>>> print(open('data_2.cif').read())   # mmCIF, C-alpha atoms
data_target
#
loop_
_atom_site.label_atom_id
_atom_site.label_comp_id
_atom_site.auth_asym_id
_atom_site.auth_seq_id
_atom_site.Cartn_x
_atom_site.Cartn_y
_atom_site.Cartn_z
CA MET A 1 16.40 58.00 -69.07
CA GLY A 2 12.76 58.39 -70.06
CA GLU A 3 9.39 56.79 -69.86
CA LYS A 4 10.60 53.73 -71.76
CA ASP A 5 12.73 52.84 -68.74
CA ILE A 6 9.57 52.00 -66.77
CA PRO A 7 8.65 48.30 -67.05
CA THR A 8 6.38 47.49 -69.98
CA HIS A 9 3.53 46.22 -67.81
CA ASN A 10 3.32 49.66 -66.19
CA GLN A 11 3.58 51.80 -69.33
CA PRO A 12 -0.10 51.93 -70.36
CA LEU A 13 -1.11 53.46 -67.03
CA LEU A 14 1.67 56.00 -67.18
CA ASN A 15 1.13 56.89 -70.82
CA THR A 16 -2.62 57.41 -70.55
CA ARG A 17 -2.37 59.61 -67.49
CA ASP A 18 1.06 61.14 -67.94
CA ALA A 19 -0.10 64.73 -68.29
CA GLU A 20 -2.48 64.42 -65.34
CA ALA A 21 0.08 62.81 -63.04
CA CYS A 22 2.78 65.34 -63.85
CA LEU A 23 0.60 68.32 -62.94
CA VAL A 24 1.76 69.43 -59.52
CA PRO A 25 -1.15 70.30 -57.19
CA LYS A 26 -1.14 73.79 -55.71
CA GLU A 27 -0.34 72.57 -52.22
CA TYR A 28 2.90 71.09 -53.50
CA GLU A 29 3.79 74.29 -55.32
CA ASP A 30 3.06 76.40 -52.26
CA GLY A 31 5.31 74.67 -49.80
CA THR A 32 4.62 72.19 -47.07
CA LEU A 33 3.97 68.92 -48.90
CA SER A 34 6.78 69.46 -51.41
CA GLU A 35 9.15 69.51 -48.42
CA GLN A 36 8.36 65.83 -47.76
CA TYR A 37 11.56 64.70 -49.52
CA GLY A 38 9.89 65.95 -52.67
CA GLY A 39 12.57 68.34 -53.91
CA LYS A 40 12.25 71.28 -51.54
CA HIS A 41 13.51 71.91 -48.03
CA ALA A 42 12.28 73.84 -45.04
CA GLY A 43 15.11 76.37 -45.08
CA GLY A 44 17.50 76.75 -42.16
CA TRP A 45 21.13 75.69 -42.60
CA VAL A 46 20.65 74.64 -46.24
CA ASP A 47 19.94 78.23 -47.25
CA ARG A 48 23.41 79.22 -46.05
CA LEU A 49 25.09 76.91 -48.56
CA PRO A 50 26.14 77.83 -52.11
CA VAL A 51 23.16 77.54 -54.45
CA SER A 52 24.91 74.86 -56.53
CA TRP A 53 25.15 72.57 -53.46
CA VAL A 54 21.45 72.64 -52.57
CA PRO A 55 20.24 70.09 -55.18
CA TYR A 56 22.80 67.59 -53.87
CA ILE A 57 21.62 68.14 -50.29
CA GLN A 58 18.11 67.39 -51.53
CA LEU A 59 19.31 64.38 -53.51
CA ALA A 60 21.02 62.94 -50.41
CA ARG A 61 17.95 63.59 -48.17
CA LEU A 62 20.05 65.58 -45.69
CA SER A 63 17.34 68.14 -44.95
CA PRO A 64 15.76 67.00 -42.75
CA PRO A 65 18.41 64.43 -41.69
CA ALA A 66 15.87 61.72 -40.83
CA ALA A 67 17.06 59.51 -43.72
CA LEU A 68 20.66 59.60 -42.46
CA PHE A 69 19.70 58.53 -38.96
CA LEU A 70 17.40 55.81 -40.25
CA ILE A 71 20.58 54.30 -41.70
CA TYR A 72 22.76 55.02 -38.68
CA PHE A 73 20.39 53.77 -35.97
CA PRO A 74 20.75 50.04 -36.87
CA HIS A 75 24.55 50.42 -36.99
CA PHE A 76 24.38 51.84 -33.47
CA PHE A 77 22.14 48.96 -32.33
CA GLY A 78 24.75 46.50 -33.61
CA ILE A 79 27.59 48.33 -31.86
CA ILE A 80 25.93 48.38 -28.44
CA LEU A 81 24.64 44.82 -28.69
CA ALA A 82 28.12 43.59 -29.61
CA ALA A 83 29.54 45.56 -26.70
CA LEU A 84 27.09 43.83 -24.37
CA ILE A 85 27.95 40.40 -25.71
CA GLN A 86 31.71 40.95 -25.56
CA ARG A 87 31.84 43.20 -22.46
CA SER A 88 33.68 45.78 -24.57
CA PRO A 89 35.19 48.98 -23.13
CA ALA A 90 33.59 52.38 -23.77
CA SER A 91 36.59 53.55 -25.80
CA GLN A 92 35.99 50.78 -28.34
CA VAL A 93 32.29 51.65 -28.50
CA MET A 94 33.04 55.32 -29.15
CA ARG A 95 35.54 54.54 -31.91
CA ALA A 96 33.16 52.11 -33.62
CA GLY A 97 30.33 54.64 -33.30
CA LEU A 98 32.35 57.34 -35.06
CA VAL A 99 33.49 55.00 -37.82
CA MET A 100 29.95 53.79 -38.43
CA PHE A 101 28.56 57.31 -38.44
CA GLY A 102 31.06 58.38 -41.09
CA GLY A 103 30.34 55.29 -43.16
CA SER A 104 26.58 55.77 -42.73
CA PHE A 105 26.82 59.37 -43.94
CA PHE A 106 28.49 58.45 -47.22
CA PHE A 107 26.45 55.29 -47.67
CA SER A 108 23.21 57.22 -47.13
CA ASN A 109 24.23 59.78 -49.75
CA ALA A 110 25.12 57.04 -52.23
CA ALA A 111 21.96 55.00 -51.59
CA HIS A 112 19.62 57.95 -52.03
CA GLY A 113 21.47 59.18 -55.09
CA TRP A 114 21.19 55.75 -56.69
CA ASN A 115 17.52 55.42 -55.75
CA ASP A 116 16.63 58.77 -57.33
CA LEU A 117 18.69 58.04 -60.43
CA VAL A 118 16.86 54.79 -61.11
CA ASP A 119 13.48 56.20 -60.04
CA ALA A 120 13.70 59.44 -62.03
CA PRO A 121 11.19 58.35 -64.74
CA ILE A 122 8.65 57.40 -62.07
CA ASP A 123 9.38 60.43 -59.87
CA ARG A 124 8.36 62.68 -62.76
CA ALA A 125 4.88 61.11 -62.67
CA ILE A 126 4.38 61.38 -58.89
CA SER A 127 3.08 64.71 -57.60
CA ARG A 128 5.21 64.80 -54.46
CA THR A 129 8.47 63.76 -56.14
CA SER A 130 8.15 65.51 -59.49
CA LYS A 131 10.30 68.40 -58.25
CA ARG A 132 13.19 66.30 -56.98
CA PRO A 133 16.58 67.43 -58.36
CA ILE A 134 16.81 64.96 -61.27
CA PRO A 135 13.20 65.22 -62.56
CA ARG A 136 13.26 69.02 -62.44
CA GLY A 137 16.64 69.16 -64.20
CA ALA A 138 18.69 70.64 -61.34
CA ILE A 139 21.02 67.62 -61.54
CA THR A 140 21.70 65.66 -64.73
CA PRO A 141 21.65 61.85 -64.60
CA ARG A 142 25.40 61.87 -65.36
CA ALA A 143 26.11 64.23 -62.46
CA ALA A 144 23.90 62.13 -60.16
CA LEU A 145 25.81 58.98 -61.12
CA ILE A 146 29.16 60.66 -60.44
CA PHE A 147 27.86 61.87 -57.06
CA THR A 148 26.57 58.40 -56.20
CA LEU A 149 29.84 56.70 -57.12
CA SER A 150 31.92 59.25 -55.22
CA GLN A 151 29.81 58.77 -52.09
CA GLY A 152 29.97 55.01 -52.45
CA PHE A 153 33.76 55.25 -52.65
CA GLY A 154 33.74 57.39 -49.50
CA ALA A 155 31.68 54.75 -47.70
CA ALA A 156 34.06 52.01 -48.85
CA LEU A 157 37.01 53.84 -47.32
CA PHE A 158 35.48 53.42 -43.88
CA LEU A 159 35.60 49.64 -44.32
CA LEU A 160 39.38 50.00 -44.11
CA LEU A 161 38.96 51.24 -40.53
CA MET A 162 37.08 48.11 -39.49
CA PRO A 163 38.55 44.82 -38.23
CA ALA A 164 39.97 42.39 -40.78
CA GLY A 165 37.33 40.27 -42.47
CA SER A 166 34.56 42.87 -42.10
CA ALA A 167 34.39 44.02 -45.73
CA ILE A 168 32.87 40.77 -47.00
CA TYR A 169 29.88 41.35 -44.71
CA ALA A 170 29.05 44.53 -46.63
CA VAL A 171 28.52 42.70 -49.94
CA PRO A 172 24.92 41.49 -49.34
CA ASN A 173 23.89 45.01 -48.36
CA ILE A 174 25.50 46.53 -51.45
CA ILE A 175 23.64 44.06 -53.64
CA GLY A 176 20.35 44.71 -51.82
CA THR A 177 20.74 48.48 -52.04
CA ILE A 178 21.47 48.33 -55.77
CA TYR A 179 18.36 46.18 -56.28
CA TYR A 180 15.98 48.12 -54.02
CA PRO A 181 14.75 50.72 -56.58
CA TRP A 182 13.57 47.87 -58.82
CA ALA A 183 11.86 46.08 -55.93
CA LYS A 184 9.11 48.70 -56.18
CA ARG A 185 8.44 47.40 -59.70
CA HIS A 186 8.64 43.70 -58.82
CA THR A 187 6.90 43.17 -55.48
CA ASN A 188 4.40 44.74 -53.12
CA PHE A 189 6.79 43.91 -50.28
CA ALA A 190 9.41 46.46 -51.27
CA GLN A 191 9.41 47.67 -47.66
CA LEU A 192 10.79 44.28 -46.60
CA VAL A 193 13.66 44.70 -49.08
CA LEU A 194 14.34 48.17 -47.70
CA GLY A 195 14.09 46.83 -44.15
CA TRP A 196 16.66 44.15 -44.95
CA CYS A 197 19.05 46.76 -46.37
CA LEU A 198 18.71 49.13 -43.41
CA ALA A 199 18.77 46.40 -40.75
CA TRP A 200 22.04 45.17 -42.24
CA GLY A 201 23.60 48.06 -40.35
CA ILE A 202 23.27 45.84 -37.26
CA VAL A 203 25.57 43.32 -38.94
CA MET A 204 28.10 46.02 -39.85
CA GLY A 205 27.92 47.61 -36.39
CA SER A 206 28.69 44.23 -34.83
CA CYS A 207 31.60 43.76 -37.22
CA ALA A 208 32.96 47.19 -36.26
CA MET A 209 33.22 45.86 -32.70
CA GLY A 210 35.06 42.74 -33.84
CA LEU A 211 32.04 40.47 -33.33
CA LYS A 212 31.10 38.15 -36.18
CA PRO A 213 27.28 38.25 -36.16
CA PHE A 214 27.15 35.11 -38.28
CA THR A 215 29.57 32.82 -40.05
CA GLY A 216 29.22 30.49 -42.99
CA GLY A 217 31.04 30.17 -46.28
CA PRO A 218 33.25 33.22 -46.83
CA PHE A 219 31.66 35.11 -43.92
CA GLY A 220 33.78 35.07 -40.82
CA SER A 221 36.76 33.44 -42.47
CA ASN A 222 40.16 35.08 -42.95
CA ASP A 223 40.96 32.54 -45.65
CA LEU A 224 38.75 32.46 -48.77
CA PHE A 225 39.67 28.80 -49.25
CA ALA A 226 38.85 27.71 -45.70
CA TRP A 227 35.18 28.52 -45.26
CA GLU A 228 33.56 28.71 -41.85
CA ALA A 229 30.73 26.53 -40.56
CA ILE A 230 27.30 28.14 -40.32
CA SER A 231 26.74 29.94 -37.02
CA VAL A 232 24.47 32.83 -35.99
CA GLN A 233 24.42 35.05 -32.91
CA PRO A 234 20.78 34.58 -31.80
CA SER A 235 20.37 37.97 -30.10
CA VAL A 236 21.81 39.76 -33.14
CA ALA A 237 19.31 37.91 -35.33
CA CYS A 238 16.43 39.01 -33.07
CA ILE A 239 17.42 42.69 -33.19
CA PHE A 240 18.02 42.37 -36.95
CA PHE A 241 14.52 41.08 -37.71
CA ALA A 242 12.96 43.52 -35.23
CA SER A 243 14.67 46.34 -37.12
CA ILE A 244 13.27 45.05 -40.41
CA LEU A 245 9.75 45.22 -38.96
CA TRP A 246 10.43 48.71 -37.60
CA THR A 247 11.32 49.81 -41.13
CA VAL A 248 8.22 48.15 -42.55
CA VAL A 249 6.03 50.14 -40.13
CA TYR A 250 7.42 53.60 -40.77
CA ASP A 251 8.12 53.17 -44.49
CA THR A 252 4.64 51.81 -45.18
CA ILE A 253 3.23 54.96 -43.57
CA TYR A 254 5.66 56.99 -45.70
CA ALA A 255 4.44 55.12 -48.82
CA HIS A 256 0.85 56.13 -48.13
CA GLN A 257 1.80 59.71 -49.07
CA ASP A 258 1.87 58.68 -52.72
CA LEU A 259 -0.77 55.96 -52.78
CA LYS A 260 -3.04 57.58 -55.38
CA ASP A 261 -0.18 58.32 -57.76
CA ASP A 262 1.42 54.92 -57.17
CA LEU A 263 -1.82 53.24 -58.23
CA LYS A 264 -1.85 55.30 -61.44
CA VAL A 265 1.80 54.68 -62.29
CA GLY A 266 1.97 51.05 -61.17
CA VAL A 267 4.49 51.39 -58.33
CA LYS A 268 4.13 48.58 -55.79
CA SER A 269 4.26 48.71 -52.01
CA ILE A 270 2.62 47.32 -48.90
CA ALA A 271 0.47 50.46 -48.91
CA VAL A 272 -0.78 49.55 -52.40
CA LEU A 273 -1.37 45.93 -51.36
CA PHE A 274 -3.34 46.53 -48.16
CA ARG A 275 -4.72 50.07 -48.66
CA ASP A 276 -7.52 50.48 -46.09
CA MET A 277 -6.35 47.36 -44.22
CA THR A 278 -2.80 48.64 -43.77
CA LYS A 279 -3.17 49.38 -40.06
CA VAL A 280 -4.17 45.78 -39.32
CA PHE A 281 -0.95 44.60 -40.97
CA LEU A 282 1.12 47.22 -39.12
CA TRP A 283 -0.28 46.18 -35.75
CA LEU A 284 0.79 42.61 -36.52
CA CYS A 285 4.28 43.81 -37.45
CA LEU A 286 4.52 45.80 -34.22
CA GLY A 287 3.52 42.81 -32.12
CA CYS A 288 6.19 40.65 -33.74
CA MET A 289 8.76 43.41 -33.38
CA VAL A 290 8.16 43.78 -29.63
CA ALA A 291 8.36 39.98 -29.22
CA LEU A 292 11.73 39.91 -31.03
CA LEU A 293 13.12 42.74 -28.92
CA SER A 294 12.01 40.92 -25.78
CA MET A 295 13.59 37.69 -26.97
CA ALA A 296 16.91 39.48 -27.53
CA GLY A 297 16.74 40.69 -23.94
CA LEU A 298 16.09 37.19 -22.65
CA LEU A 299 18.96 35.74 -24.67
CA GLU A 300 21.44 38.28 -23.28
CA GLN A 301 19.90 38.29 -19.78
CA MET A 302 19.31 42.04 -19.88
CA GLY A 303 17.86 43.99 -16.99
CA TRP A 304 14.26 45.07 -16.55
CA GLN A 305 15.02 48.59 -17.77
CA TYR A 306 15.81 47.23 -21.25
CA TYR A 307 12.31 45.76 -21.54
CA VAL A 308 10.71 48.98 -20.34
CA ILE A 309 12.75 51.31 -22.57
CA ALA A 310 13.36 49.22 -25.71
CA ALA A 311 10.36 46.91 -25.95
CA GLY A 312 7.91 49.12 -24.06
CA GLY A 313 9.09 52.36 -25.66
CA SER A 314 8.82 50.88 -29.15
CA ALA A 315 5.36 49.51 -28.42
CA VAL A 316 4.08 52.85 -27.15
CA SER A 317 5.72 55.09 -29.78
CA LEU A 318 4.92 52.95 -32.82
CA GLY A 319 1.51 52.11 -31.39
CA ALA A 320 0.76 55.83 -31.16
CA MET A 321 2.01 56.26 -34.72
CA ILE A 322 -0.21 53.51 -36.10
CA ALA A 323 -3.24 54.59 -34.09
CA ASN A 324 -3.04 58.31 -34.84
CA VAL A 325 -1.68 58.61 -38.37
CA GLU A 326 -4.30 59.48 -40.99
CA LEU A 327 -3.20 57.36 -43.92
CA LYS A 328 -5.29 59.32 -46.41
CA ASP A 329 -3.65 62.58 -45.37
CA SER A 330 -0.20 63.04 -46.90
CA ALA A 331 0.81 65.66 -44.33
CA SER A 332 -0.13 63.32 -41.46
CA CYS A 333 1.89 60.46 -42.96
CA TRP A 334 4.90 62.73 -43.36
CA TRP A 335 4.66 64.11 -39.80
CA TRP A 336 4.51 60.68 -38.21
CA PHE A 337 7.31 59.38 -40.44
CA ARG A 338 9.56 62.36 -39.79
CA TYR A 339 9.09 62.52 -36.02
CA GLY A 340 7.68 59.15 -35.02
CA PHE A 341 10.68 57.08 -36.03
CA TRP A 342 12.92 59.02 -33.62
CA LEU A 343 10.94 57.74 -30.65
CA ALA A 344 11.16 54.07 -31.61
CA GLY A 345 14.80 54.30 -32.70
CA SER A 346 15.72 56.15 -29.53
CA SER A 347 13.82 53.59 -27.45
CA ILE A 348 15.74 50.64 -28.87
CA ALA A 349 19.06 52.50 -28.60
CA GLY A 350 18.22 53.71 -25.10
CA GLY A 351 17.30 50.24 -23.90
CA LEU A 352 20.56 48.76 -25.18
CA VAL A 353 22.66 51.63 -23.82
CA SER A 354 20.98 51.42 -20.41
CA ASP A 355 21.93 47.77 -20.10
CA TYR A 356 25.48 48.48 -21.28
CA LEU A 357 25.87 51.24 -18.67
CA LEU A 358 24.50 49.01 -15.94
CA LEU A 359 26.85 46.28 -17.08
CA GLY A 360 29.75 48.68 -16.50
CA ALA A 361 28.36 49.63 -13.11
CA ARG A 362 28.00 45.97 -12.13
CA SER A 363 31.54 45.20 -13.29
CA ALA A 364 32.91 48.10 -11.25
CA THR A 365 31.44 46.65 -8.05
CA PHE A 366 33.29 43.34 -8.38
#
>>> encode(input="data_2.cif", output="structure tokens")
Amino acid sequence: MGEKDIPTHNQPLLNTRDAEACLVPKEYEDGTLSEQYGGKHAGGWVDRLPVSWVPYIQLARLSPPAALFLIYFPHFFGIILAALIQRSPASQVMRAGLVMFGGSFFFSNAAHGWNDLVDAPIDRAISRTSKRPIPRGAITPRAALIFTLSQGFGAALFLLLMPAGSAIYAVPNIIGTIYYPWAKRHTNFAQLVLGWCLAWGIVMGSCAMGLKPFTGGPFGSNDLFAWEAISVQPSVACIFFASILWTVVYDTIYAHQDLKDDLKVGVKSIAVLFRDMTKVFLWLCLGCMVALLSMAGLLEQMGWQYYVIAAGGSAVSLGAMIANVELKDSASCWWWFRYGFWLAGSSIAGGLVSDYLLLGARSATF
């Protein structure tokens, strides 16, 4: 793959500034900023691995493991919400959680491998990403493709551990994940595409618990020739769209790391679209997200602690992120992305788990 793989409408910008964009600033060479999923890692457990493994750890975004948990969190939301709806036992929740974590691990590896394979020509022209394994030559495109396919196969195996009829629900997410790298060429709302792909974990988590989050056509039917009528679990839909907005918030902040280079190369994002007005848009997203989380609680008649932990915790943590992040400072964007998402994800998970635990306590008293 080379520069010709970048869409024609973007080539003039890349060609005229190719040498400038590919020069890596000293701060990236020296350490901290190049550790922002840019092809280096902060040391620790990765340094204990064989040298030949390290580029694949970097390719899969396993150091730090934020990217893995960004994929797993929505699966966990779906599991706990389904358990609340169905009054499922803890043993079923634990089994589904383990299955979804294994599937998320392999799916995360495959998704990031695919993204970097498609994005390699652009990554070479972005300061932060120019030292990722494929652009710097540590992994060949052929090796990256083999890795991606092997990890995708591993993820598919976990579908066999899920209830019958679950595999068909994975198809929209597979299609969306394959398309996502090109979304950054086609639309400024690439973060919505990513949000859709990640939030789909809620659908798969629900399926792992035996709950059909929606039906219609081939979805929810055990017979391909006897399609189901359209039906949607309202509370699942609320958490699903709230999760999309959560992704939009943290990934837009992440995108601001590369804003200057993205403008040169022609990569699109919400950060590119709104620039200095980004925070206004993010506050709107946060407001809608909190409203959706609250609506899910009303639909499932959850206790007050859910609203405090899930809705309130998300509002406070993401509000602090939006208010305090310095969008023109790459290091600030990275810090809030890397650590800030844990607070919101943990808040949503904690709110759902608290209601599930109280549900068990209430059931035990009757």
>>> closest_residue(input="data_2.cif", among="A:Val325, A:Leu68, A:Ala311, A:Ala320", to="Cys288 of chain A", atoms="all atoms listed in the file")
A:Ala311
>>> residues_near_point(input="data_2.cif", point="(36.8, 43.0, -42.5)", cutoff="9 Å", atoms="all atoms listed in the file", output="PyMOL selection string")
chain A and resi 159-170+207-208+210+220+222
>>> resolve_selection(input="data_2.cif", expression="the PyMOL selection byres ((chain A and resi 330) around 9)", output="PyMOL selection string")
chain A and resi 33+254+256-258+326-329+331-335
>>> resolve_selection(input="data_2.cif", expression="the PyMOL selection byres ((chain A and resi 50-63) around 7)", output="number ranges by chain")
A: 37, 39, 41, 46, 48-49, 64-65, 67-68, 108-109, 112-113, 133, 138-139
>>> write_last_selection(input="data_2.cif", atoms="C-alpha atoms", output="PDB file, keeping the file's coordinate frame")
ATOM      1  CA  TYR A  37      11.560  64.700 -49.520  1.00  0.00           C
ATOM      2  CA  GLY A  39      12.570  68.340 -53.910  1.00  0.00           C
ATOM      3  CA  HIS A  41      13.510  71.910 -48.030  1.00  0.00           C
ATOM      4  CA  VAL A  46      20.650  74.640 -46.240  1.00  0.00           C
ATOM      5  CA  ARG A  48      23.410  79.220 -46.050  1.00  0.00           C
ATOM      6  CA  LEU A  49      25.090  76.910 -48.560  1.00  0.00           C
ATOM      7  CA  PRO A  64      15.760  67.000 -42.750  1.00  0.00           C
ATOM      8  CA  PRO A  65      18.410  64.430 -41.690  1.00  0.00           C
ATOM      9  CA  ALA A  67      17.060  59.510 -43.720  1.00  0.00           C
ATOM     10  CA  LEU A  68      20.660  59.600 -42.460  1.00  0.00           C
ATOM     11  CA  SER A 108      23.210  57.220 -47.130  1.00  0.00           C
ATOM     12  CA  ASN A 109      24.230  59.780 -49.750  1.00  0.00           C
ATOM     13  CA  HIS A 112      19.620  57.950 -52.030  1.00  0.00           C
ATOM     14  CA  GLY A 113      21.470  59.180 -55.090  1.00  0.00           C
ATOM     15  CA  PRO A 133      16.580  67.430 -58.360  1.00  0.00           C
ATOM     16  CA  ALA A 138      18.690  70.640 -61.340  1.00  0.00           C
ATOM     17  CA  ILE A 139      21.020  67.620 -61.540  1.00  0.00           C
TER      18      ILE A 139
END
>>> atom_distance(input="data_2.cif", atom1="atom CA of Ala242 of chain A", atom2="atom CA of Gln301 of chain A")
17.7 Å
>>> atom_distance(input="data_2.cif", atom1="atom CA of Ile71 of chain A", atom2="atom CA of Leu198 of chain A")
5.8 Å
>>> resolve_selection(input="data_2.cif", expression="the PyMOL selection byres ((chain A and resi 286) around 8)", output="ChimeraX atom specification")
/A:245-246,249,282-285,287-290,315,318-319
>>> residues_around(input="data_2.cif", residues="Met100 of chain A", least_positions_apart="6", cutoff="12 Å", atoms="all atoms listed in the file", output="ChimeraX atom specification")
/A:68-69,71-79,93-94,106-108,155-162,201-209
>>> write_last_selection(input="data_2.cif", atoms="C-alpha atoms", output="PDB file, in the frame of the given file")
ATOM      1  CA  LEU A  68      20.660  59.600 -42.460  1.00  0.00           C
ATOM      2  CA  PHE A  69      19.700  58.530 -38.960  1.00  0.00           C
ATOM      3  CA  ILE A  71      20.580  54.300 -41.700  1.00  0.00           C
ATOM      4  CA  TYR A  72      22.760  55.020 -38.680  1.00  0.00           C
ATOM      5  CA  PHE A  73      20.390  53.770 -35.970  1.00  0.00           C
ATOM      6  CA  PRO A  74      20.750  50.040 -36.870  1.00  0.00           C
ATOM      7  CA  HIS A  75      24.550  50.420 -36.990  1.00  0.00           C
ATOM      8  CA  PHE A  76      24.380  51.840 -33.470  1.00  0.00           C
ATOM      9  CA  PHE A  77      22.140  48.960 -32.330  1.00  0.00           C
ATOM     10  CA  GLY A  78      24.750  46.500 -33.610  1.00  0.00           C
ATOM     11  CA  ILE A  79      27.590  48.330 -31.860  1.00  0.00           C
ATOM     12  CA  VAL A  93      32.290  51.650 -28.500  1.00  0.00           C
ATOM     13  CA  MET A  94      33.040  55.320 -29.150  1.00  0.00           C
ATOM     14  CA  PHE A 106      28.490  58.450 -47.220  1.00  0.00           C
ATOM     15  CA  PHE A 107      26.450  55.290 -47.670  1.00  0.00           C
ATOM     16  CA  SER A 108      23.210  57.220 -47.130  1.00  0.00           C
ATOM     17  CA  ALA A 155      31.680  54.750 -47.700  1.00  0.00           C
ATOM     18  CA  ALA A 156      34.060  52.010 -48.850  1.00  0.00           C
ATOM     19  CA  LEU A 157      37.010  53.840 -47.320  1.00  0.00           C
ATOM     20  CA  PHE A 158      35.480  53.420 -43.880  1.00  0.00           C
ATOM     21  CA  LEU A 159      35.600  49.640 -44.320  1.00  0.00           C
ATOM     22  CA  LEU A 160      39.380  50.000 -44.110  1.00  0.00           C
ATOM     23  CA  LEU A 161      38.960  51.240 -40.530  1.00  0.00           C
ATOM     24  CA  MET A 162      37.080  48.110 -39.490  1.00  0.00           C
ATOM     25  CA  GLY A 201      23.600  48.060 -40.350  1.00  0.00           C
ATOM     26  CA  ILE A 202      23.270  45.840 -37.260  1.00  0.00           C
ATOM     27  CA  VAL A 203      25.570  43.320 -38.940  1.00  0.00           C
ATOM     28  CA  MET A 204      28.100  46.020 -39.850  1.00  0.00           C
ATOM     29  CA  GLY A 205      27.920  47.610 -36.390  1.00  0.00           C
ATOM     30  CA  SER A 206      28.690  44.230 -34.830  1.00  0.00           C
ATOM     31  CA  CYS A 207      31.600  43.760 -37.220  1.00  0.00           C
ATOM     32  CA  ALA A 208      32.960  47.190 -36.260  1.00  0.00           C
ATOM     33  CA  MET A 209      33.220  45.860 -32.700  1.00  0.00           C
TER      34      MET A 209
END
>>> residues_around(input="data_2.cif", residues="Lys268 of chain A", least_positions_apart="5", cutoff="9 Å", atoms="all atoms listed in the file", output="short mmCIF file (atom, residue, chain, number, x, y, z; two decimals) with C-alpha atoms, in the frame of the given file")
data_model
loop_
_atom_site.label_atom_id
_atom_site.label_comp_id
_atom_site.auth_asym_id
_atom_site.auth_seq_id
_atom_site.Cartn_x
_atom_site.Cartn_y
_atom_site.Cartn_z
CA ALA A 183 11.86 46.08 -55.93
CA LYS A 184 9.11 48.70 -56.18
CA ARG A 185 8.44 47.40 -59.70
CA HIS A 186 8.64 43.70 -58.82
CA THR A 187 6.90 43.17 -55.48
CA ASN A 188 4.40 44.74 -53.12
CA PHE A 189 6.79 43.91 -50.28
CA ALA A 190 9.41 46.46 -51.27
CA ASP A 262 1.42 54.92 -57.17
CA LEU A 263 -1.82 53.24 -58.23
CA LEU A 273 -1.37 45.93 -51.36
#
>>> residues_near_point(input="data_2.cif", point="(19.6, 40.4, -53.7)", cutoff="12 Å", atoms="all atoms listed in the file", output="PyMOL selection string")
chain A and resi 171-183+192-194+196-197
>>> atom_distance(input="data_2.cif", atom1="atom CA of Asn324 of chain A", atom2="atom CA of Ile126 of chain A")
25.4 Å
